[in-house]
file final.tsv (TSV, C-alpha atoms and all ligand atoms)
chain	number	residue	atom	x	y	z
A	19	MET	CA	101.09	102.69	81.98
A	20	GLY	CA	102.75	102.62	78.49
A	21	ASP	CA	105.17	99.99	77.20
A	22	ALA	CA	107.63	100.15	80.08
A	23	PRO	CA	105.79	99.24	83.28
A	24	SER	CA	107.34	100.07	86.62
A	25	VAL	CA	107.26	97.82	89.65
A	26	ARG	CA	104.43	99.99	90.98
A	27	ASP	CA	102.31	99.13	87.91
A	28	LEU	CA	102.95	95.40	88.32
A	29	GLY	CA	102.63	95.15	92.10
A	30	GLU	CA	104.53	92.77	94.34
A	31	PHE	CA	103.11	89.57	92.88
A	32	GLY	CA	103.40	90.74	89.25
A	33	VAL	CA	107.08	91.47	89.82
A	34	ILE	CA	107.67	88.04	91.42
A	35	ASP	CA	106.01	86.39	88.37
A	36	ARG	CA	108.23	88.31	85.89
A	37	LEU	CA	111.44	87.52	87.80
A	38	THR	CA	110.58	83.86	88.32
A	39	ALA	CA	110.10	83.57	84.54
A	40	ILE	CA	113.74	84.66	84.02
A	41	VAL	CA	115.15	82.14	86.49
A	42	GLY	CA	112.98	79.35	85.09
A	43	LEU	CA	111.52	76.32	86.84
A	44	PRO	CA	113.97	74.79	89.30
A	45	ARG	CA	115.30	71.38	88.20
A	46	ASP	CA	117.24	70.37	91.29
A	47	GLU	CA	115.49	67.30	92.66
A	48	ARG	CA	116.52	68.19	96.22
A	49	LEU	CA	114.18	71.20	96.13
A	50	VAL	CA	110.88	70.31	97.85
A	51	VAL	CA	109.13	73.73	97.92
A	52	GLY	CA	110.23	76.62	95.66
A	53	VAL	CA	108.97	80.14	94.94
A	54	GLY	CA	105.43	80.94	96.06
A	55	ASP	CA	105.20	79.60	99.60
A	56	ASP	CA	106.13	81.16	102.96
A	57	ALA	CA	109.63	79.71	102.72
A	58	ALA	CA	111.67	77.43	100.46
A	59	VAL	CA	112.42	73.85	101.51
A	60	TRP	CA	115.22	71.61	100.28
A	61	ARG	CA	116.75	68.30	101.28
A	62	SER	CA	120.27	68.43	102.72
A	63	GLY	CA	121.56	64.97	103.60
A	64	ASP	CA	118.91	63.43	105.83
A	65	ALA	CA	117.43	66.78	106.90
A	66	TYR	CA	114.97	69.15	105.26
A	67	VAL	CA	116.12	72.76	105.46
A	68	ILE	CA	113.51	75.55	105.46
A	69	ALA	CA	114.84	78.99	104.41
A	70	THR	CA	113.31	82.43	104.30
A	71	THR	CA	114.33	86.08	104.23
A	72	ASP	CA	112.56	89.28	105.18
A	73	THR	CA	113.46	92.97	105.27
A	74	MET	CA	112.44	96.04	107.27
A	75	VAL	CA	113.17	99.50	105.86
A	76	ALA	CA	113.05	102.71	107.94
A	77	GLY	CA	110.24	104.93	106.71
A	78	VAL	CA	108.52	102.01	104.94
A	79	HIS	CA	108.00	99.30	107.58
A	80	PHE	CA	108.46	101.49	110.66
A	81	LEU	CA	108.99	105.12	111.59
A	82	PRO	CA	112.18	105.40	113.69
A	83	GLU	CA	110.84	108.41	115.63
A	84	GLN	CA	107.75	106.43	116.75
A	85	VAL	CA	109.18	103.07	117.80
A	86	ALA	CA	111.93	101.66	119.99
A	87	TRP	CA	114.92	100.20	118.15
A	88	SER	CA	114.74	97.11	120.36
A	89	ASP	CA	111.20	96.51	119.03
A	90	VAL	CA	112.49	96.80	115.44
A	91	GLY	CA	115.09	94.14	116.23
A	92	TRP	CA	112.47	91.85	117.76
A	93	LYS	CA	110.04	92.27	114.88
A	94	ALA	CA	112.65	91.77	112.13
A	95	LEU	CA	113.47	88.32	113.48
A	96	ALA	CA	109.89	87.49	114.51
A	97	ALA	CA	108.60	88.05	110.96
A	98	ASN	CA	111.19	85.57	109.64
A	99	ALA	CA	110.55	83.03	112.40
A	100	SER	CA	106.85	83.25	111.58
A	101	ASP	CA	107.56	82.14	108.00
A	102	ILE	CA	109.37	79.07	109.35
A	103	ALA	CA	106.39	78.43	111.69
A	104	ALA	CA	104.14	78.87	108.64
A	105	MET	CA	105.83	75.81	107.09
A	106	GLY	CA	105.43	73.80	110.32
A	107	GLY	CA	109.17	73.97	111.01
A	108	THR	CA	111.54	74.93	113.82
A	109	PRO	CA	113.85	77.94	113.31
A	110	SER	CA	117.59	77.48	113.70
A	111	PHE	CA	120.19	79.89	112.24
A	112	ALA	CA	119.99	83.56	111.23
A	113	LEU	CA	122.18	85.85	109.09
A	114	VAL	CA	121.63	89.56	109.70
A	115	THR	CA	122.43	92.22	107.09
A	116	LEU	CA	122.38	95.87	108.17
A	117	CYS	CA	122.37	98.75	105.67
A	118	LEU	CA	123.28	101.81	107.72
A	119	PRO	CA	123.32	105.57	107.17
A	120	PRO	CA	126.76	106.66	108.45
A	121	GLU	CA	125.19	108.92	111.10
A	122	THR	CA	123.29	106.02	112.77
A	123	PRO	CA	123.96	106.26	116.54
A	124	LEU	CA	125.73	103.22	117.97
A	125	GLU	CA	123.23	103.21	120.87
A	126	ALA	CA	120.38	102.65	118.38
A	127	LEU	CA	122.17	99.59	116.96
A	128	LYS	CA	122.85	98.21	120.42
A	129	ASP	CA	119.15	98.56	121.26
A	130	LEU	CA	118.27	96.91	117.94
A	131	TYR	CA	120.47	93.96	118.83
A	132	ARG	CA	119.06	93.71	122.35
A	133	GLY	CA	115.59	93.22	120.83
A	134	LEU	CA	117.00	90.82	118.26
A	135	ARG	CA	118.67	88.81	121.03
A	136	GLU	CA	115.41	88.62	123.02
A	137	CYS	CA	113.51	87.27	120.03
A	138	ALA	CA	116.35	84.87	119.18
A	139	LYS	CA	116.18	83.51	122.73
A	140	ALA	CA	112.39	83.19	122.63
A	141	CYS	CA	112.54	81.35	119.27
A	142	ASN	CA	115.69	79.34	120.00
A	143	VAL	CA	117.54	80.93	117.06
A	144	THR	CA	121.33	81.28	116.77
A	145	ILE	CA	122.60	84.42	115.07
A	146	ALA	CA	125.40	82.99	112.97
A	147	GLY	CA	126.67	85.90	110.87
A	148	GLY	CA	125.74	88.68	108.51
A	149	ASP	CA	126.94	91.81	106.76
A	150	VAL	CA	127.13	95.56	107.42
A	151	VAL	CA	127.11	98.08	104.56
A	152	SER	CA	126.63	101.83	104.15
A	153	SER	CA	123.27	103.01	102.78
A	154	PRO	CA	121.19	106.18	102.52
A	155	VAL	CA	118.35	104.49	104.41
A	156	PHE	CA	118.36	102.11	107.39
A	157	THR	CA	117.47	98.56	106.36
A	158	ILE	CA	117.65	95.27	108.22
A	159	THR	CA	117.45	92.02	106.26
A	160	ILE	CA	117.41	88.66	108.01
A	161	ALA	CA	117.83	85.30	106.34
A	162	LEU	CA	116.66	82.48	108.59
A	163	THR	CA	116.88	78.73	108.25
A	164	GLY	CA	114.84	76.12	110.04
A	165	GLU	CA	114.26	72.43	110.04
A	166	ALA	CA	111.15	70.52	109.04
A	167	ALA	CA	109.64	67.84	111.26
A	168	ARG	CA	109.74	64.41	109.62
A	169	ALA	CA	107.30	61.54	109.34
A	170	LEU	CA	108.22	57.96	110.31
A	171	ASP	CA	109.27	57.33	106.69
A	172	ASP	CA	111.53	60.45	106.92
A	173	SER	CA	109.44	62.52	104.50
A	174	PRO	CA	109.09	66.17	105.59
A	175	LEU	CA	105.94	67.30	107.42
A	176	LEU	CA	105.08	70.69	105.94
A	177	LEU	CA	102.32	73.28	105.82
A	178	ARG	CA	102.03	74.18	102.14
A	179	ARG	CA	99.83	76.68	100.35
A	180	ASP	CA	98.85	74.32	97.52
A	181	ASP	CA	97.10	71.57	99.47
A	182	ALA	CA	93.64	73.02	100.25
A	183	ARG	CA	90.69	70.87	99.11
A	184	PRO	CA	86.95	71.58	98.81
A	185	GLY	CA	85.26	70.57	102.07
A	186	ASP	CA	88.27	71.48	104.22
A	187	ALA	CA	87.70	73.81	107.15
A	188	VAL	CA	89.72	77.00	107.61
A	189	ALA	CA	91.07	77.86	111.07
A	190	VAL	CA	93.20	80.56	112.69
A	191	THR	CA	95.40	80.20	115.77
A	192	GLY	CA	94.35	83.40	117.54
A	193	PRO	CA	92.62	86.79	117.43
A	194	LEU	CA	93.34	88.98	114.42
A	195	GLY	CA	93.53	92.71	113.72
A	196	SER	CA	95.40	93.72	116.88
A	197	SER	CA	98.60	94.52	115.01
A	198	GLY	CA	96.64	96.66	112.55
A	199	GLY	CA	95.03	98.40	115.53
A	200	GLY	CA	98.47	99.08	116.98
A	201	LEU	CA	99.69	100.54	113.69
A	202	ARG	CA	96.60	102.76	113.54
A	203	ALA	CA	97.18	103.91	117.13
A	204	LEU	CA	100.80	104.78	116.25
A	205	LEU	CA	99.81	106.67	113.11
A	206	ASP	CA	97.07	108.54	114.99
A	207	GLY	CA	99.51	109.36	117.80
A	208	ARG	CA	97.20	107.59	120.26
A	209	ASP	CA	99.33	105.84	122.86
A	210	GLU	CA	97.48	107.29	125.85
A	211	SER	CA	95.85	104.21	127.34
A	212	ALA	CA	96.61	100.66	128.42
A	213	VAL	CA	94.38	99.40	125.59
A	214	MET	CA	96.38	101.31	122.98
A	215	HIS	CA	99.64	100.15	124.55
A	216	ALA	CA	98.49	96.54	124.29
A	217	LEU	CA	97.71	96.97	120.58
A	218	ILE	CA	101.00	98.74	119.86
A	219	ARG	CA	102.82	95.92	121.61
A	220	ARG	CA	101.00	93.39	119.41
A	221	HIS	CA	102.18	95.41	116.41
A	222	MET	CA	105.82	95.72	117.45
A	223	ARG	CA	106.35	92.46	119.36
A	224	PRO	CA	104.44	89.77	117.47
A	225	VAL	CA	105.04	86.26	118.79
A	226	PRO	CA	105.66	83.68	116.03
A	227	ARG	CA	103.39	80.63	116.41
A	228	ILE	CA	106.17	78.04	116.18
A	229	ASP	CA	104.49	75.61	118.58
A	230	ALA	CA	101.18	75.88	116.72
A	231	GLY	CA	102.86	75.14	113.38
A	232	ARG	CA	104.58	72.07	114.77
A	233	ALA	CA	101.41	70.85	116.50
A	234	ALA	CA	99.53	71.29	113.22
A	235	VAL	CA	101.91	69.20	111.09
A	236	THR	CA	102.12	66.57	113.84
A	237	ALA	CA	98.31	66.35	113.77
A	238	ASN	CA	98.44	65.83	109.96
A	239	VAL	CA	97.49	69.35	108.85
A	240	ARG	CA	99.19	69.80	105.45
A	241	CYS	CA	98.03	73.23	104.32
A	242	GLY	CA	98.66	76.60	105.95
A	243	MET	CA	100.56	79.86	106.07
A	244	ASP	CA	101.10	82.76	108.43
A	245	ILE	CA	98.85	85.82	108.33
A	246	SER	CA	101.18	88.65	107.39
A	247	ASP	CA	99.13	90.57	104.80
A	248	GLY	CA	95.61	90.01	106.22
A	249	LEU	CA	93.25	87.01	106.51
A	250	VAL	CA	91.29	87.67	103.29
A	251	GLN	CA	94.38	88.31	101.17
A	252	ASP	CA	96.45	85.48	102.64
A	253	LEU	CA	93.62	82.94	102.29
A	254	GLY	CA	93.44	84.19	98.70
A	255	HIS	CA	97.06	83.03	98.23
A	256	ILE	CA	96.10	79.55	99.45
A	257	CYS	CA	93.09	79.54	97.10
A	258	ALA	CA	95.25	80.58	94.13
A	259	ALA	CA	97.94	77.98	94.90
A	260	SER	CA	95.34	75.23	95.45
A	261	SER	CA	92.86	76.24	92.67
A	262	VAL	CA	89.90	76.40	95.08
A	263	GLY	CA	87.61	79.07	96.52
A	264	ALA	CA	86.93	79.92	100.15
A	265	GLU	CA	84.16	81.35	102.30
A	266	ILE	CA	84.81	83.12	105.58
A	267	SER	CA	82.06	83.62	108.14
A	268	PHE	CA	82.58	87.26	109.10
A	269	GLU	CA	81.01	86.77	112.54
A	270	SER	CA	83.40	83.98	113.44
A	271	VAL	CA	86.66	85.88	112.80
A	272	PRO	CA	88.20	86.18	116.30
A	273	VAL	CA	88.87	89.72	117.49
A	274	ASP	CA	91.00	90.80	120.46
A	275	PRO	CA	88.86	92.60	123.11
A	276	SER	CA	91.45	95.43	123.15
A	277	LEU	CA	90.79	96.06	119.47
A	278	VAL	CA	87.01	96.12	120.05
A	279	ALA	CA	87.53	98.59	122.91
A	280	ALA	CA	89.79	100.84	120.80
A	281	TYR	CA	88.00	100.73	117.43
A	282	PRO	CA	84.50	99.27	118.06
A	283	GLU	CA	83.11	100.10	114.61
A	284	ASP	CA	85.99	98.75	112.54
A	285	ALA	CA	87.36	95.99	114.76
A	286	ARG	CA	85.95	92.97	112.92
A	287	MET	CA	86.77	94.33	109.45
A	288	MET	CA	90.30	95.04	110.67
A	289	ALA	CA	90.49	91.45	111.96
A	290	ALA	CA	89.48	90.17	108.51
A	291	THR	CA	91.84	92.38	106.51
A	292	ALA	CA	94.68	93.92	108.54
A	293	GLY	CA	98.13	92.31	108.42
A	294	GLU	CA	101.10	91.47	110.62
A	295	ASP	CA	99.36	89.50	113.36
A	296	TYR	CA	101.53	86.49	112.48
A	297	GLU	CA	98.90	84.04	113.64
A	298	LEU	CA	98.70	80.90	111.48
A	299	LEU	CA	96.00	80.11	108.94
A	300	LEU	CA	95.39	76.34	108.81
A	301	VAL	CA	93.33	74.38	106.27
A	302	ALA	CA	92.36	70.72	106.74
A	303	PRO	CA	89.36	68.42	107.24
A	304	GLY	CA	87.45	69.37	110.41
A	305	ASP	CA	88.48	66.27	112.39
A	306	VAL	CA	92.16	66.91	111.63
A	307	LEU	CA	91.86	70.51	112.81
A	308	ALA	CA	90.06	69.31	115.96
A	309	ARG	CA	93.03	67.03	116.68
A	310	ALA	CA	95.49	69.90	116.12
A	311	SER	CA	93.39	72.16	118.33
A	312	ALA	CA	93.38	69.65	121.19
A	313	ALA	CA	97.21	69.66	121.15
A	314	LEU	CA	97.40	73.45	121.51
A	315	GLN	CA	97.22	75.62	124.63
A	316	ALA	CA	94.76	78.01	122.97
A	317	PRO	CA	92.20	76.25	120.78
A	318	LEU	CA	91.91	76.96	117.05
A	319	THR	CA	89.00	79.04	115.78
A	320	ILE	CA	87.20	77.77	112.67
A	321	VAL	CA	86.49	80.80	110.46
A	322	GLY	CA	85.36	79.29	107.17
A	323	ARG	CA	85.60	76.56	104.58
A	324	ILE	CA	87.13	75.70	101.25
A	325	VAL	CA	84.77	75.39	98.27
A	326	GLU	CA	85.06	74.42	94.62
A	327	GLY	CA	85.35	77.16	92.05
A	328	ASP	CA	87.27	80.32	91.24
A	329	PRO	CA	90.20	81.07	93.54
A	330	ARG	CA	88.51	83.88	95.42
A	331	VAL	CA	87.63	84.51	99.05
A	332	ARG	CA	84.09	85.52	100.01
A	333	LEU	CA	83.35	87.14	103.33
A	334	LEU	CA	79.80	86.20	104.37
A	335	ASP	CA	77.51	87.61	107.07
A	336	ALA	CA	75.26	85.49	109.33
A	337	SER	CA	72.56	85.33	106.64
A	338	GLY	CA	75.01	84.21	103.95
A	339	LYS	CA	75.21	87.58	102.16
A	340	ASP	CA	78.52	88.91	100.87
A	341	VAL	CA	80.20	91.50	103.09
A	342	ALA	CA	82.04	94.13	101.04
A	343	VAL	CA	85.78	94.11	101.71
A	344	GLU	CA	87.07	97.66	101.46
A	345	HIS	CA	90.74	96.90	101.73
A	346	ALA	CA	91.69	93.28	101.14
A	347	GLY	CA	95.30	93.51	102.27
A	348	TRP	CA	98.72	94.86	101.52
A	349	ASP	CA	100.74	95.00	98.27
A	350	HIS	CA	104.30	95.98	99.10
A	351	LEU	CA	105.03	97.69	95.77
A	352	LYS	CA	101.70	99.34	95.08
A	353	ARG	CA	101.72	100.48	98.72
A	354	THR	CA	97.95	100.13	99.00
A	401	MG	MG	104.36	84.20	105.32
call {"tool": "encode", "arguments": {"input": "final.tsv", "output": "structure tokens", "more": "lines below"}}
Ligand SMILES: [Mg+2]
result
Amino acid sequence: MGDAPSVRDLGEFGVIDRLTAIVGLPRDERLVVGVGDDAAVWRSGDAYVIATTDTMVAGVHFLPEQVAWSDVGWKALAANASDIAAMGGTPSFALVTLCLPPETPLEALKDLYRGLRECAKACNVTIAGGDVVSSPVFTITIALTGEAARALDDSPLLLRRDDARPGDAVAVTGPLGSSGGGLRALLDGRDESAVMHALIRRHMRPVPRIDAGRAAVTANVRCGMDISDGLVQDLGHICAASSVGAEISFESVPVDPSLVAAYPEDARMMAATAGEDYELLLVAPGDVLARASAALQAPLTIVGRIVEGDPRVRLLDASGKDVAVEHAGWDHLKRT
């Protein structure tokens, strides 16, 4: 590695640490949640604004020859809306920045915006502006704001990563691994069956769990995030932020039947480790989660619990033995 590390050596989270050190700790008292959560939150007048940004790069996040541009538009906004849902908030306004190779066909952009419009309608988002620049590689960056629900005393109701406590239960809002199955089907060139189509759709058209996030904060859940990098890795972020450990019962991780049909041997491990399902991960005492679950159309699934100790996530089989995790999740700079 030598004296001059590259971003690949440091990885995504190492880079964020180094850059945050330059900016320093924020001093503005209006800031409620800063770097290190799904989105930032600040007070603006009487409201609490939630803000996030997310980027998709051709060749990195999707292969243009394998997917529809309308799906890219949908997913770019859905990933952002999911980060607002992950804070328990409601999305509101989006700014869209396009970096375009000059030879990009206009029809591709129109398709992109048709998908974007569909997702905006589904999530009740207004596209309020943006920027278009020339670039050697196609990139779409969306910045999205949202609003936090408020308690009777006007304090914001938020799902944070740093509020997990030993004894809390860990729940997810739906089956996991389907998006990873869809990506695998795309990479393997396997789009021959209805099962594969269903998985690919889960990969390209994820539905942000905005209602689930709001129901959770209303039911007094205070800790959570969205599952973008994989259950084991994302729960690890909550453990690190909260200085606790966690145990997941491997058998209880919910798996979509389509994923079991497509990849029977790997389905449950994919559900525990694959990313981009954009379901929510919720952490709270069992009775609080039961209340949140009762308010949802699809009930929550309890997958584990928070324990005292080192901030690590153990995956346990039915007899309480550790299950080896081959691939814990995704690091965007190490690309592993
Ligand atoms: Mg997130």
call {"tool": "closest_atom_pairs", "arguments": {"input": "final.tsv", "of": "chain A", "to": "ligand MG 401 (chain A)", "cutoff": "7 Å", "atoms": "only C-alpha atoms and all ligand atoms", "output": "JSON lines"}}
result
{"residue": "A:Asp56", "atom": "CA", "partner": "A:MG401", "partner_atom": "MG", "distance": 4.2}
{"residue": "A:Ser100", "atom": "CA", "partner": "A:MG401", "partner_atom": "MG", "distance": 6.8}
{"residue": "A:Asp101", "atom": "CA", "partner": "A:MG401", "partner_atom": "MG", "distance": 4.7}
{"residue": "A:Ala104", "atom": "CA", "partner": "A:MG401", "partner_atom": "MG", "distance": 6.3}
{"residue": "A:Met243", "atom": "CA", "partner": "A:MG401", "partner_atom": "MG", "distance": 5.8}
{"residue": "A:Asp244", "atom": "CA", "partner": "A:MG401", "partner_atom": "MG", "distance": 4.7}
{"residue": "A:Ile245", "atom": "CA", "partner": "A:MG401", "partner_atom": "MG", "distance": 6.5}
{"residue": "A:Ser246", "atom": "CA", "partner": "A:MG401", "partner_atom": "MG", "distance": 5.8}
call {"tool": "residues_around", "arguments": {"input": "final.tsv", "residues": "Arg179 in chain A", "least_positions_apart": "4", "cutoff": "12 Å", "atoms": "all atoms listed in the file", "output": "PyMOL selection string"}}
result
chain A and resi 51-58+104-106+183+239-244+252-262+298-302
call {"tool": "residues_around", "arguments": {"input": "final.tsv", "residues": "Ser173 in chain A", "least_positions_apart": "5", "cutoff": "9 Å", "atoms": "only C-alpha atoms", "output": "list in words"}}
result
Tyr66, Ala167 and Arg168 of chain A
call {"tool": "atom_distance", "arguments": {"input": "final.tsv", "atom1": "CA of Asp305 in chain A", "atom2": "CA of Gly338 in chain A"}}
result
24.0 Å
call {"tool": "closest_residue", "arguments": {"input": "final.tsv", "among": "A:Leu130, A:Val306, A:Leu277, A:Val75", "to": "Ser153 in chain A", "atoms": "only C-alpha atoms"}}
result
A:Val75
